[in-house]
Every structure is written in structure tokens, then in C-alpha cells.
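See below for work-v2.tsv, which holds TSV, C-alpha atoms and all ligand atoms.
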```tsv
chain	number	residue	atom	x	y	z
H	871	MET	CA	5.31	15.10	-66.31
H	872	ALA	CA	5.54	12.03	-64.12
H	873	GLY	CA	3.34	9.82	-66.33
H	874	LEU	CA	5.81	10.26	-69.17
H	875	LEU	CA	8.94	9.29	-67.25
H	876	SER	CA	10.88	6.65	-69.10
H	877	ILE	CA	10.99	3.20	-67.62
H	878	SER	CA	14.41	1.92	-66.63
H	879	GLU	CA	15.93	-1.47	-67.39
H	880	PRO	CA	14.31	-4.52	-65.79
H	881	ASN	CA	15.68	-5.82	-62.53
H	882	ALA	CA	16.94	-9.29	-63.36
H	883	ASP	CA	16.66	-10.48	-59.75
H	884	SER	CA	13.13	-11.79	-59.36
H	885	THR	CA	13.31	-12.38	-55.63
H	886	THR	CA	10.26	-13.88	-54.00
H	887	ASP	CA	10.56	-11.75	-50.86
H	888	LEU	CA	8.53	-8.97	-52.38
H	889	LEU	CA	7.91	-7.06	-49.23
H	890	ASN	CA	11.61	-6.60	-48.54
H	891	GLN	CA	12.56	-5.90	-52.13
H	892	PRO	CA	14.07	-2.42	-52.42
H	893	ASP	CA	11.46	0.01	-53.73
H	894	THR	CA	13.82	1.59	-56.21
H	895	HIS	CA	13.14	-0.63	-59.23
H	896	THR	CA	11.00	1.17	-61.74
H	897	ALA	CA	10.77	-1.42	-64.48
H	898	ALA	CA	7.18	-2.19	-65.36
H	899	HIS	CA	8.17	-5.74	-66.28
H	900	THR	CA	10.09	-6.60	-63.12
H	901	TYR	CA	7.21	-8.66	-61.81
H	902	ASN	CA	6.35	-12.06	-63.23
H	903	ARG	CA	2.95	-13.71	-62.71
H	904	ASP	CA	4.00	-15.42	-59.46
H	905	ASP	CA	5.28	-12.12	-58.09
H	906	ILE	CA	1.96	-10.45	-58.89
H	907	ALA	CA	0.09	-13.25	-57.14
H	908	GLN	CA	2.32	-12.84	-54.07
H	909	LEU	CA	1.64	-9.12	-53.98
H	910	PHE	CA	-2.10	-9.81	-53.93
H	911	ASP	CA	-1.51	-12.22	-51.03
H	912	LEU	CA	0.39	-9.76	-48.81
H	913	PRO	CA	-1.22	-8.68	-45.55
H	914	LEU	CA	-3.22	-5.58	-46.50
H	915	MET	CA	-1.20	-3.11	-44.41
H	916	ASP	CA	2.06	-4.42	-45.86
H	917	LEU	CA	0.65	-4.08	-49.36
H	918	LEU	CA	-0.59	-0.52	-48.72
H	919	LEU	CA	2.72	0.54	-47.18
H	920	LYS	CA	4.69	-0.82	-50.12
H	921	ALA	CA	2.32	0.77	-52.65
H	922	GLN	CA	2.41	4.20	-50.96
H	923	THR	CA	6.20	4.05	-50.62
H	924	ILE	CA	6.60	3.30	-54.33
H	925	HIS	CA	4.01	5.93	-55.18
H	926	ARG	CA	6.04	8.61	-53.40
H	927	GLU	CA	9.19	7.68	-55.32
H	928	HIS	CA	7.50	8.58	-58.60
H	929	PHE	CA	4.83	11.16	-57.89
H	930	VAL	CA	4.30	14.21	-55.75
H	931	ALA	CA	2.68	12.94	-52.54
H	932	ASN	CA	-0.93	13.98	-51.94
H	933	GLU	CA	-1.37	15.36	-55.46
H	934	ILE	CA	-4.33	14.12	-57.49
H	935	GLN	CA	-5.03	14.35	-61.20
H	936	ILE	CA	-8.68	15.15	-61.88
H	937	SER	CA	-10.64	14.38	-65.05
H	938	THR	CA	-14.22	15.08	-66.07
H	939	LEU	CA	-16.16	12.73	-68.32
H	940	LEU	CA	-18.75	13.47	-70.97
H	941	SER	CA	-20.66	11.02	-73.12
H	942	ILE	CA	-20.62	12.53	-76.62
H	943	LYS	CA	-22.73	9.72	-78.14
H	944	THR	CA	-24.81	7.57	-75.84
H	945	GLY	CA	-26.35	4.12	-76.15
H	946	ASN	CA	-27.31	1.73	-78.96
H	947	CYS	CA	-23.75	0.41	-79.10
H	948	PRO	CA	-23.36	-2.63	-81.38
H	949	GLU	CA	-21.04	-4.36	-78.86
H	950	ASP	CA	-22.56	-6.67	-76.24
H	951	CYS	CA	-20.38	-5.90	-73.17
H	952	GLY	CA	-22.29	-7.63	-70.37
H	953	TYR	CA	-21.75	-4.85	-67.82
H	954	CYS	CA	-22.65	-1.86	-69.98
H	955	SER	CA	-25.82	0.23	-69.93
H	956	GLN	CA	-25.03	1.45	-73.44
H	957	SER	CA	-25.06	-1.84	-75.31
H	958	GLY	CA	-27.87	-2.03	-77.87
H	959	HIS	CA	-28.11	-5.73	-76.97
H	960	HIS	CA	-29.52	-4.88	-73.52
H	961	ARG	CA	-31.59	-1.84	-74.43
H	962	ASP	CA	-34.97	-3.55	-73.86
H	963	THR	CA	-34.00	-4.32	-70.27
H	964	THR	CA	-31.88	-1.27	-69.35
H	965	LYS	CA	-34.30	1.17	-71.06
H	966	LEU	CA	-31.40	3.56	-71.54
H	967	GLN	CA	-32.33	6.64	-73.55
H	968	ALA	CA	-29.96	6.70	-76.54
H	969	GLU	CA	-28.62	10.03	-77.81
H	970	LYS	CA	-27.00	10.92	-81.12
H	971	ARG	CA	-23.63	12.73	-81.30
H	972	ILE	CA	-23.88	15.94	-79.33
H	973	GLU	CA	-23.05	19.25	-80.94
H	974	VAL	CA	-19.54	20.68	-80.71
H	975	ASP	CA	-20.78	23.82	-78.91
H	976	LYS	CA	-22.38	21.75	-76.18
H	977	VAL	CA	-19.21	19.72	-75.67
H	978	ILE	CA	-17.13	22.90	-75.42
H	979	ALA	CA	-19.56	24.39	-72.91
H	980	ALA	CA	-19.22	21.23	-70.78
H	981	ALA	CA	-15.41	21.37	-71.09
H	982	LYS	CA	-15.41	25.01	-69.93
H	983	ARG	CA	-17.49	24.05	-66.91
H	984	ALA	CA	-15.08	21.19	-66.16
H	985	LYS	CA	-12.12	23.57	-66.33
H	986	ALA	CA	-13.84	26.09	-64.08
H	987	THR	CA	-14.34	23.41	-61.42
H	988	GLY	CA	-10.64	22.49	-61.45
H	989	SER	CA	-10.45	19.47	-63.76
H	990	SER	CA	-7.23	19.22	-65.73
H	991	ARG	CA	-8.44	16.67	-68.28
H	992	PHE	CA	-11.64	16.36	-70.28
H	993	CYS	CA	-12.54	12.82	-71.35
H	994	MET	CA	-15.05	12.24	-74.14
H	995	GLY	CA	-16.67	8.83	-74.59
H	996	ALA	CA	-18.73	7.46	-77.45
H	997	ALA	CA	-20.73	4.24	-77.62
H	998	TRP	CA	-19.26	3.11	-80.92
H	999	LYS	CA	-17.64	-0.13	-82.05
H	1000	HIS	CA	-15.23	2.26	-83.76
H	1001	PRO	CA	-15.55	5.80	-85.14
H	1002	SER	CA	-16.75	5.92	-88.76
H	1003	ALA	CA	-15.03	8.02	-91.45
H	1004	LYS	CA	-17.69	10.71	-91.02
H	1005	ASP	CA	-17.09	10.84	-87.25
H	1006	MET	CA	-13.39	11.64	-87.61
H	1007	PRO	CA	-13.62	15.39	-88.50
H	1008	TYR	CA	-16.04	15.78	-85.55
H	1009	VAL	CA	-13.71	14.16	-83.00
H	1010	VAL	CA	-10.67	15.99	-84.41
H	1011	GLU	CA	-12.51	19.30	-84.02
H	1012	LEU	CA	-13.42	18.41	-80.43
H	1013	ILE	CA	-9.79	17.64	-79.57
H	1014	LYS	CA	-8.58	20.95	-81.01
H	1015	GLU	CA	-11.29	23.03	-79.35
H	1016	VAL	CA	-10.91	21.41	-75.94
H	1017	LYS	CA	-7.12	21.75	-76.06
H	1018	ALA	CA	-7.53	25.43	-76.93
H	1019	LEU	CA	-9.12	25.82	-73.48
H	1020	GLY	CA	-5.86	24.61	-71.89
H	1021	LEU	CA	-7.25	21.23	-70.91
H	1022	GLU	CA	-5.69	17.83	-71.50
H	1023	THR	CA	-7.87	15.67	-73.74
H	1024	CYS	CA	-8.84	12.03	-73.54
H	1025	MET	CA	-11.15	10.05	-75.79
H	1026	THR	CA	-12.66	6.60	-75.72
H	1027	LEU	CA	-14.39	5.80	-79.00
H	1028	GLY	CA	-13.94	2.04	-79.39
H	1029	MET	CA	-11.50	0.45	-81.82
H	1030	LEU	CA	-9.02	2.55	-83.80
H	1031	ASP	CA	-7.00	1.56	-86.84
H	1032	THR	CA	-3.52	3.00	-87.40
H	1033	ASP	CA	-4.76	5.82	-89.61
H	1034	GLN	CA	-7.43	6.91	-87.13
H	1035	ALA	CA	-4.92	6.80	-84.27
H	1036	SER	CA	-2.53	9.02	-86.21
H	1037	GLN	CA	-5.32	11.50	-87.05
H	1038	LEU	CA	-6.11	11.82	-83.34
H	1039	ALA	CA	-2.40	12.11	-82.51
H	1040	ASP	CA	-1.93	14.87	-85.09
H	1041	ALA	CA	-4.82	16.78	-83.54
H	1042	GLY	CA	-2.93	16.59	-80.23
H	1043	LEU	CA	-5.02	14.04	-78.31
H	1044	ASP	CA	-3.28	13.45	-74.98
H	1045	TYR	CA	-4.79	10.09	-73.89
H	1046	TYR	CA	-6.86	7.34	-75.48
H	1047	ASN	CA	-8.82	5.06	-73.17
H	1048	HIS	CA	-9.31	1.44	-74.21
H	1049	ASN	CA	-9.72	-1.02	-71.36
H	1050	LEU	CA	-8.81	-4.70	-71.39
H	1051	ASP	CA	-11.44	-4.95	-68.63
H	1052	THR	CA	-10.32	-8.36	-67.33
H	1053	SER	CA	-8.13	-11.39	-68.07
H	1054	ARG	CA	-7.96	-12.97	-71.50
H	1055	SER	CA	-9.69	-16.10	-70.20
H	1056	TYR	CA	-12.58	-14.29	-68.45
H	1057	TYR	CA	-13.08	-11.92	-71.38
H	1058	GLU	CA	-15.33	-14.35	-73.26
H	1059	GLN	CA	-17.77	-14.33	-70.33
H	1060	VAL	CA	-17.99	-10.54	-70.65
H	1061	VAL	CA	-18.26	-9.78	-74.37
H	1062	SER	CA	-18.74	-11.87	-77.51
H	1063	THR	CA	-18.73	-9.24	-80.28
H	1064	ARG	CA	-15.00	-8.52	-80.17
H	1065	SER	CA	-11.85	-10.31	-79.12
H	1066	TYR	CA	-9.15	-9.63	-76.58
H	1067	ASP	CA	-6.63	-9.45	-79.41
H	1068	GLU	CA	-8.66	-6.74	-81.16
H	1069	ARG	CA	-8.52	-4.80	-77.90
H	1070	LEU	CA	-4.73	-5.24	-77.76
H	1071	ASP	CA	-4.41	-4.21	-81.42
H	1072	THR	CA	-6.11	-0.86	-80.76
H	1073	ILE	CA	-3.89	-0.28	-77.72
H	1074	GLU	CA	-0.85	-0.99	-79.91
H	1075	ASN	CA	-2.09	1.45	-82.57
H	1076	VAL	CA	-2.57	4.13	-79.92
H	1077	ARG	CA	0.88	3.45	-78.45
H	1078	ASN	CA	2.56	3.64	-81.87
H	1079	SER	CA	0.80	6.91	-82.70
H	1080	GLY	CA	2.42	8.70	-79.75
H	1081	ILE	CA	-0.84	9.21	-77.82
H	1082	ASN	CA	-0.61	8.25	-74.13
H	1083	VAL	CA	-2.31	4.94	-73.43
H	1084	CYS	CA	-5.08	4.77	-70.83
H	1085	SER	CA	-6.10	1.16	-70.22
H	1086	GLY	CA	-7.72	-0.35	-67.19
H	1087	ASN	CA	-10.17	-2.92	-65.94
H	1088	ILE	CA	-13.40	-3.55	-64.09
H	1089	VAL	CA	-13.27	-5.51	-60.86
H	1090	GLY	CA	-16.30	-7.20	-59.37
H	1091	MET	CA	-17.80	-8.76	-62.52
H	1092	GLY	CA	-17.64	-12.26	-61.03
H	1093	GLU	CA	-14.01	-12.78	-62.07
H	1094	SER	CA	-11.57	-14.57	-59.76
H	1095	ARG	CA	-8.40	-13.30	-58.07
H	1096	ASP	CA	-6.51	-15.22	-60.79
H	1097	ASP	CA	-8.25	-13.11	-63.44
H	1098	ARG	CA	-7.20	-9.92	-61.68
H	1099	ILE	CA	-3.62	-11.22	-61.50
H	1100	ASP	CA	-3.73	-12.10	-65.20
H	1101	TRP	CA	-5.01	-8.62	-66.05
H	1102	VAL	CA	-2.05	-6.97	-64.26
H	1103	HIS	CA	0.24	-9.43	-66.03
H	1104	GLU	CA	-1.23	-8.36	-69.41
H	1105	LEU	CA	-0.25	-4.75	-68.65
H	1106	LEU	CA	3.30	-5.86	-67.92
H	1107	LYS	CA	3.50	-7.85	-71.15
H	1108	MET	CA	2.93	-4.64	-73.14
H	1109	PRO	CA	6.09	-2.99	-74.55
H	1110	LYS	CA	5.35	-0.12	-72.17
H	1111	ALA	CA	2.78	-0.04	-69.38
H	1112	PRO	CA	-0.17	2.33	-69.94
H	1113	GLU	CA	0.47	5.86	-68.67
H	1114	SER	CA	-2.99	5.81	-67.12
H	1115	ILE	CA	-4.74	2.84	-65.51
H	1116	PRO	CA	-8.40	3.22	-64.53
H	1117	VAL	CA	-9.47	0.61	-61.99
H	1118	ASN	CA	-13.26	0.55	-62.24
H	1119	LEU	CA	-15.38	-1.07	-59.57
H	1120	LEU	CA	-18.38	-2.54	-61.37
H	1121	VAL	CA	-21.44	-0.31	-61.19
H	1122	PRO	CA	-24.05	-3.07	-61.32
H	1123	ILE	CA	-26.67	-1.87	-63.81
H	1124	LYS	CA	-30.10	-3.45	-63.67
H	1125	GLY	CA	-30.96	-4.99	-67.01
H	1126	THR	CA	-27.39	-5.89	-67.96
H	1127	PRO	CA	-26.43	-9.59	-67.70
H	1128	ILE	CA	-23.45	-8.98	-65.40
H	1129	GLY	CA	-25.16	-6.25	-63.37
H	1130	ASP	CA	-28.20	-8.46	-62.72
H	1131	LYS	CA	-26.02	-11.40	-61.69
H	1132	VAL	CA	-23.97	-9.30	-59.28
H	1133	LEU	CA	-27.10	-7.65	-57.84
H	1134	ALA	CA	-28.52	-11.13	-57.16
H	1135	GLU	CA	-25.33	-12.77	-55.87
H	1136	GLY	CA	-23.59	-9.91	-54.05
H	1137	GLN	CA	-20.76	-7.54	-54.77
H	1138	LEU	CA	-17.03	-8.03	-54.44
H	1139	SER	CA	-15.40	-6.78	-51.25
H	1140	VAL	CA	-14.17	-3.20	-51.63
H	1141	LEU	CA	-10.88	-4.30	-50.05
H	1142	GLU	CA	-10.21	-6.54	-53.06
H	1143	TRP	CA	-10.63	-3.49	-55.34
H	1144	ILE	CA	-8.17	-1.62	-53.09
H	1145	ARG	CA	-5.73	-4.54	-53.32
H	1146	THR	CA	-6.01	-4.41	-57.12
H	1147	ILE	CA	-5.20	-0.68	-57.06
H	1148	ALA	CA	-2.17	-1.29	-54.83
H	1149	VAL	CA	-0.82	-4.08	-57.04
H	1150	ALA	CA	-1.29	-1.93	-60.17
H	1151	ARG	CA	0.57	0.92	-58.42
H	1152	ILE	CA	3.49	-1.32	-57.44
H	1153	CYS	CA	3.80	-3.04	-60.82
H	1154	CYS	CA	3.33	0.14	-62.89
H	1155	PRO	CA	5.05	2.70	-60.67
H	1156	THR	CA	5.10	5.60	-63.13
H	1157	SER	CA	1.48	5.23	-64.30
H	1158	TYR	CA	-1.44	7.24	-63.02
H	1159	VAL	CA	-3.85	4.84	-61.31
H	1160	ARG	CA	-7.42	6.13	-61.40
H	1161	LEU	CA	-10.34	5.49	-59.08
H	1162	SER	CA	-12.94	5.27	-61.81
H	1163	ALA	CA	-16.47	3.92	-61.80
H	1164	GLY	CA	-17.90	2.82	-58.47
H	1165	ARG	CA	-16.78	5.70	-56.26
H	1166	GLU	CA	-20.34	6.86	-55.63
H	1167	SER	CA	-21.01	3.84	-53.43
H	1168	LEU	CA	-17.84	4.21	-51.32
H	1169	SER	CA	-17.31	5.78	-47.92
H	1170	ASP	CA	-14.68	8.47	-47.31
H	1171	SER	CA	-12.55	5.93	-45.46
H	1172	GLU	CA	-12.66	3.43	-48.32
H	1173	GLN	CA	-11.58	6.14	-50.75
H	1174	ALA	CA	-8.81	7.24	-48.37
H	1175	LEU	CA	-7.52	3.65	-48.36
H	1176	ALA	CA	-7.58	3.66	-52.16
H	1177	PHE	CA	-5.40	6.81	-52.19
H	1178	MET	CA	-3.11	5.12	-49.66
H	1179	ALA	CA	-2.93	2.21	-52.13
H	1180	GLY	CA	-1.44	4.62	-54.66
H	1181	ALA	CA	-4.43	5.85	-56.64
H	1182	ASN	CA	-3.69	9.39	-57.79
H	1183	SER	CA	-6.49	10.27	-60.15
H	1184	PHE	CA	-10.28	10.31	-60.18
H	1185	PHE	CA	-13.31	11.48	-62.12
H	1186	TYR	CA	-14.91	14.68	-60.96
H	1187	GLY	CA	-18.49	15.69	-61.60
H	1188	ASP	CA	-21.90	14.36	-60.76
H	1189	LYS	CA	-22.04	11.97	-63.73
H	1190	LEU	CA	-19.72	9.44	-65.35
H	1191	LEU	CA	-21.08	8.42	-68.78
H	1192	THR	CA	-24.58	7.20	-67.93
H	1193	THR	CA	-24.35	6.57	-64.19
H	1194	GLY	CA	-23.93	8.84	-61.18
H	1195	ASN	CA	-20.61	9.77	-59.62
H	1196	ALA	CA	-19.57	10.95	-56.16
H	1197	SER	CA	-20.75	14.55	-55.75
H	1198	GLN	CA	-18.33	17.35	-56.47
H	1199	SER	CA	-19.02	19.11	-53.19
H	1200	GLY	CA	-18.38	15.82	-51.38
H	1201	ASP	CA	-15.12	15.39	-53.31
H	1202	ASP	CA	-13.98	18.91	-52.45
H	1203	ARG	CA	-14.68	18.28	-48.79
H	1204	LEU	CA	-12.91	14.90	-48.90
H	1205	MET	CA	-9.84	16.41	-50.57
H	1206	ARG	CA	-9.69	19.13	-47.91
H	1207	GLU	CA	-10.01	16.58	-45.12
H	1208	LEU	CA	-7.33	14.33	-46.62
H	1209	GLY	CA	-5.04	17.24	-47.54
H	1210	LEU	CA	-5.05	16.36	-51.25
H	1211	THR	CA	-4.26	18.97	-53.90
H	1212	LYS	CA	-5.19	19.07	-57.59
H	1213	GLN	CA	-2.57	18.62	-60.28
H	1214	PHE	CA	-2.41	21.26	-63.04
H	1215	ALA	CA	-3.04	20.39	-66.69
H	1216	ALA	CA	-0.09	19.83	-69.03
H	1217	PRO	CA	-1.61	19.25	-72.50
H	1218	ARG	CA	0.79	18.16	-75.22
H	1219	ALA	CA	1.09	20.33	-78.31
H	1220	PRO	CA	-0.83	19.26	-81.41
H	1221	LYS	CA	1.47	17.87	-84.11
H	1222	VAL	CA	-0.14	20.03	-86.77
H	1223	LEU	CA	-0.56	23.75	-86.08
H	1224	PRO	CA	-2.43	26.24	-88.31
H	1225	VAL	CA	-0.28	29.26	-89.27
H	1226	MET	CA	-1.13	32.40	-91.23
H	1227	ASP	CA	1.34	34.43	-93.32
H	1228	ALA	CA	1.04	37.96	-91.93
H	1229	MET	CA	1.76	39.58	-95.32
H	1230	SER	CA	-0.37	37.51	-97.68
H	1231	GLY	CA	-2.97	36.23	-95.22
H	1232	HIS	CA	-2.32	32.75	-96.69
H	1233	GLN	CA	-3.27	29.91	-94.30
H	1234	SER	CA	-1.10	26.80	-94.03
H	1235	GLN	CA	-0.07	24.18	-91.50
H	1236	VAL	CA	3.21	23.31	-89.82
H	1237	VAL	CA	3.93	19.80	-88.61
H	1238	LEU	CA	5.83	19.79	-85.32
H	1239	ALA	CA	8.53	17.23	-84.64
H	1240	ASP	CA	7.79	14.67	-81.87
O	1	LIG	N1	-17.15	2.17	-76.17
O	1	LIG	C1	-15.85	2.43	-75.74
O	1	LIG	C2	-15.15	1.22	-75.23
O	1	LIG	O1	-15.77	0.25	-74.83
O	1	LIG	O2	-13.92	1.22	-75.20
O	1	LIG	C3	-15.77	3.51	-74.70
O	1	LIG	C4	-16.81	3.65	-73.64
O	1	LIG	S1	-16.86	2.37	-72.43
O	1	LIG	C5	-18.27	2.82	-71.54
O	1	LIG	C6	-15.47	2.72	-71.37
O	1	LIG	C7	-15.23	1.80	-70.22
O	1	LIG	O3	-16.14	2.06	-69.17
O	1	LIG	C8	-15.39	0.31	-70.45
O	1	LIG	O4	-14.30	-0.25	-71.09
O	1	LIG	C9	-15.53	-0.21	-69.04
O	1	LIG	O5	-14.28	-0.57	-68.53
O	1	LIG	C10	-16.12	0.97	-68.28
O	1	LIG	N2	-17.49	0.69	-67.85
O	1	LIG	C11	-18.60	0.66	-68.62
O	1	LIG	N3	-19.67	0.33	-67.90
O	1	LIG	C12	-19.25	0.12	-66.63
O	1	LIG	C13	-19.90	-0.27	-65.42
O	1	LIG	N4	-21.19	-0.56	-65.38
O	1	LIG	N5	-19.15	-0.36	-64.30
O	1	LIG	C14	-17.83	-0.09	-64.35
O	1	LIG	N6	-17.17	0.27	-65.46
O	1	LIG	C15	-17.86	0.37	-66.59
O	2	LIG	C1	-13.07	4.10	-67.66
O	2	LIG	O1	-12.27	3.16	-67.48
O	2	LIG	N1	-14.08	4.39	-66.86
O	2	LIG	C2	-14.85	5.49	-67.38
O	2	LIG	C3	-13.99	5.95	-68.59
O	2	LIG	N2	-13.00	4.93	-68.67
O	2	LIG	C4	-14.60	6.24	-69.87
O	2	LIG	C5	-16.24	5.11	-67.71
O	2	LIG	C6	-17.00	4.55	-66.55
O	2	LIG	C7	-18.39	4.27	-66.99
O	2	LIG	C8	-19.25	3.85	-65.87
O	2	LIG	C9	-20.63	3.48	-66.30
O	2	LIG	C10	-21.42	4.58	-66.92
O	2	LIG	O2	-21.44	5.72	-66.41
O	2	LIG	O3	-22.09	4.30	-67.92
O	3	LIG	FE1	-20.20	-0.19	-76.26
O	3	LIG	FE2	-18.09	0.56	-74.80
O	3	LIG	FE3	-20.43	-0.07	-73.62
O	3	LIG	FE4	-19.00	-2.00	-74.72
O	3	LIG	S1	-18.37	-0.72	-72.99
O	3	LIG	S2	-21.20	-1.71	-74.97
O	3	LIG	S3	-18.11	-0.95	-76.48
O	3	LIG	S4	-20.05	1.64	-74.98
```
Give the structure from this file in C-alpha cells form.
Ligand code: SAM
Ligand code: DTB
Ligand code: SF4
Amino acid sequence: MAGLLSISEPNADSTTDLLNQPDTHTAAHTYNRDDIAQLFDLPLMDLLLKAQTIHREHFVANEIQISTLLSIKTGNCPEDCGYCSQSGHHRDTTKLQAEKRIEVDKVIAAAKRAKATGSSRFCMGAAWKHPSAKDMPYVVELIKEVKALGLETCMTLGMLDTDQASQLADAGLDYYNHNLDTSRSYYEQVVSTRSYDERLDTIENVRNSGINVCSGNIVGMGESRDDRIDWVHELLKMPKAPESIPVNLLVPIKGTPIGDKVLAEGQLSVLEWIRTIAVARICCPTSYVRLSAGRESLSDSEQALAFMAGANSFFYGDKLLTTGNASQSGDDRLMRELGLTKQFAAPRAPKVLPVMDAMSGHQSQVVLAD
């Protein structure tokens, strides 16, 4: 699977003529901060051409990975992320209806519907600072049941320690989403209840557990171009770039501090979001780059430009976690018009498999090698 291709040795030559650099280097850490800044500065058509050329060296052209999201526990989150409808800190102004953990049967029914519509991955999100000990059997059961449907699984549950990450890995979780959201320096304007380093620690725990890392950002929160450059640079400082990179365009939510500010002062140009996608594609050539939040407000042509910029994944279904998404019928029509095809699921095997002795009926488990 393309997202799991190994990354080759870095190209020592850090030439400044980025446009004319051969597109054959695959090292995630080829680009230094100045290089990333120069990519952002390229004329848009040059940037798109380079991104699409690199994209085609690593992925099947015109093929899109499709995921469906479900919020398995909504609202009342103890974190104070300034953009988020689910933070308990903004609940008096967002008026979001909180919901407790939803039952396993309901999650499975939603996963079956997602599969029937052509999604290859089912992503489950919870508004937790981190899962508690009593949440772990629940999330492990969800992973096993969703995988049994032949879907890839993704979860985003907040912080994970090493033990929790290995429990999810053993259950066969394919991806864990944990976004850095922005640069280290802008982060303190966005959230005060956790640190950038705590975010990086969870990503490291996920990486070490063998689960694929999904880590992205939000553009349009009032951050500068420099912050977007720094965010890409953070991805390249990781031992291995995330296999999946969601590039969210802020959905400005009334009643959140950042949403209200952006609604009052105006939104970022969509072209800057497209530039961010293209730079992520070029710098992380083997990663899936996902059009995430914000698609509902975009025209067909803007989305087509984002695919040209190397995005090869999006969320399907009428809802993200708490906000609306582009309609599925509209997405189907757009894919037909653009000639895009859906990628099939390739879930990884769980590490621990239940087995039954046919003679004695005794149940046990086998642990599969990596
Ligand atoms: N609580 C977990 C966490 O923060 O990692 C998982 C759920 S959280 C909603 C997942 C991601 O959704 C956030 O990291 C953020 O990047 C994105 N997100 C949340 N609200 C958003 C908004 N209003 N616009 C764009 N992206 C948003
Ligand atoms: C990600 O980066 N974007 C998705 C997913 N990971 C979990 C979430 C987007 C949430 C948008 C706001 C909402 O629906 O509440
Ligand atoms: Fe909680 Fe995640 Fe929303 Fe932050 S982004 S408030 S951690 S649900």
C-alpha cells in the first residue's frame, strides 16, 4: 500500500532551485525550512504542477481514498481548543448538545452504512482529553468489530500513553489521528490546556506502537504563512512523516473564540489552503493528504484544484463530527466529472487473533509477528 512505502535516504543536495529539482527524491526530510518557504512562494501553477508530478510518482493517478467519520462521544471536552465546538469551555456559547459514548451496535450500524456507500476507512472520534481505563475495552471492541466488516479503522481519542497505544495496535487499529494543528509558536493562541510537546509525545507513542500516524493541521485560524511553514517543518522533523495528513480548513463555529474572530475578520483565501496542501504533498510524497474539514463551503473548481495539488483522500458523508460535510450525492457527481475512482480498503491484520481448538473447543489467542 502506497502509504506504507519506506522512505529513501535524504538527498544531501539542498538546492534552492526547487522548481527545477528532479522530482525523484522521496525523502521526507529533504526540505529544510527555507526550502519549504520557497515552495510556498512559487507561482501557483508551478507549485501545482510540481505537486501533481510528485503525486503521480508515488500514487495511482486519479485514485482517492475515502473515509467516513463518526463521533462516538460528543462534547463537554475538558480541553479548551479555541476552534472546537466540542470544548466544554465554550459550551455556553456554542450550545452544542453533548452525548455520552454511543453503543457498540449503533457504531457498527454506521460503519456498515459507510461501507455500503464505498468508504474504505471508518474513523471514530471522541471528545476526550484521553481515553480512561474503562473506555479502553469499548474502543478495542469497536476496532475489532469494524475491522471484521473489512474496513480500515481510524480513531482520534485525545492523548495516548504507550500502554494504550499498544492496546489499540494489538486490536489492529490502522490509523490514529492526532493533529499538531499549527506551529509550535501559534499553538498557545489556540489551546492552553495541553502543550505542543504532549501532542508530539502521543504521536511518538502511536508511531512506536506500529499504528499508522495520521496528523494534520487547521489552516485559517488567524495564523501566518510562517506558522504554516513551521507546521510542515514539524512533520519533517519527525523520524518518519505521518502516513496520513489531514489539512483542515477552519470551519468557523459561532461561539468558539477562534470561530467568532474569523467570522468577524474574514476567512483565509482558499488558495492559501490549496498551497498548503501542495507543499505537504511535495514534502511528504508518500503520505496521503486529506481534504478534511471545510469542504462543504468549497466550489467544485476549488476542490479540483486541491486534487491537482496532490490531495488524495477526503471524508465522505453528510456530517463530519459535529458540523456538516459536502453531500455524498454531490461528491459522487464531482468524482464522476473529474474522473476520480475510489481506492479499496486494505486493513492490517490485528496482532492478536482469537483461535478455537476444534477438538476441545478451548479458546485462546495467537499473537502475530509484525
Ligand atoms: N479530541 C481529539 C483531539 O483533539 O485530538 C479528537 C477529535 S478533534 C475534533 C480532531 C481534529 O478535528 C482536531 O485536532 C482539529 O484539527 C479538527 N477540528 C476540530 N474542529 C475543527 C473546526 N472547527 N474546523 C476545522 N477542523 C477542526
Ligand atoms: C481531522 O483532522 N479532521 C476531522 C478528523 N480529523 C477527526 C475532524 C474535523 C472536525 C470538523 C469539525 C466538526 O465537525 O466538529
Ligand atoms: Fe476536545 Fe479534540 Fe475538540 Fe480539542 S479538538 S476540544 S481535544 S474534541
Can you tell me which residues come within 7 Å of ligand LIG 1 (chain O) when counting all atoms listed in the file, ideally as a ChimeraX atom specification?
/H:953-955,995-999,1026-1028,1047-1049,1051,1086-1088,1118-1123,1163-1164,1191
Quick one: everything within 9 Å of H:Gln956, counting only C-alpha atoms, minus sequence neighbours fewer than 2 positions away in the same chain. Send it as number ranges by chain.
H: 944-947, 949-951, 954, 958-961, 964, 966-968, 997, 1192
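In this comparison, which uses all atoms listed in the file, the residue of H:Val1117, H:Leu1019, H:Ala981, H:Met1108 approaching ligand LIG 2 (chain O) most closely is H:Val1117.
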Could you tell me how far atom CA of H:Asn1082 sits from atom CA of H:Trp1143, in Å to one decimal place?
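Separation of atom CA of H:Trp1143 and atom CA of H:Asn1082: 24.3 Å.
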Applying 12 Å and all atoms listed in the file, which residues near H:Met1029 remain after dropping the ones on its own chain fewer than 5 positions away? List them as a ChimeraX atom specification.
/H:949,996-1002,1034-1035,1046-1050,1064-1076
Long-range neighbours of H:Val977 as a VMD selection string, 8 Å cut-off, all atoms listed in the file, 3 positions minimum in chain
chain H and resid 940 942 972 to 974 980 to 981 1012
Determine the nearest neighbour of ligand LIG 2 (chain O) from the options H:Val1089, H:Ala986, H:Ala1134, H:Cys993, counting only C-alpha atoms and all ligand atoms.
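Looking at the shortest contact to ligand LIG 2 (chain O), the residue is H:Cys993.
The closest residue to H:Phe1184, picked from H:Leu1138, H:Ile934, H:Leu919, H:Val1010 and counting all atoms listed in the file, is H:Ile934.
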Surrounding residues of H:Ser990 excluding itself and chain neighbours under 4 positions, 8 Å, all atoms listed in the file, as a VMD selection string
chain H and resid 935 to 937 985 1021 to 1022 1213 to 1216
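Checking H:Ser1157, H:Gln1059, H:Thr938, H:Gln1037 one by one against H:Gly1187, counting only C-alpha atoms, you find the shortest gap at H:Thr938.
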Residue nearest H:Tyr1186 among H:Leu1161, H:Met1025, H:Glu1172, H:Lys976 (counting only C-alpha atoms)
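Closest to H:Tyr1186, using only C-alpha atoms: H:Leu1161.
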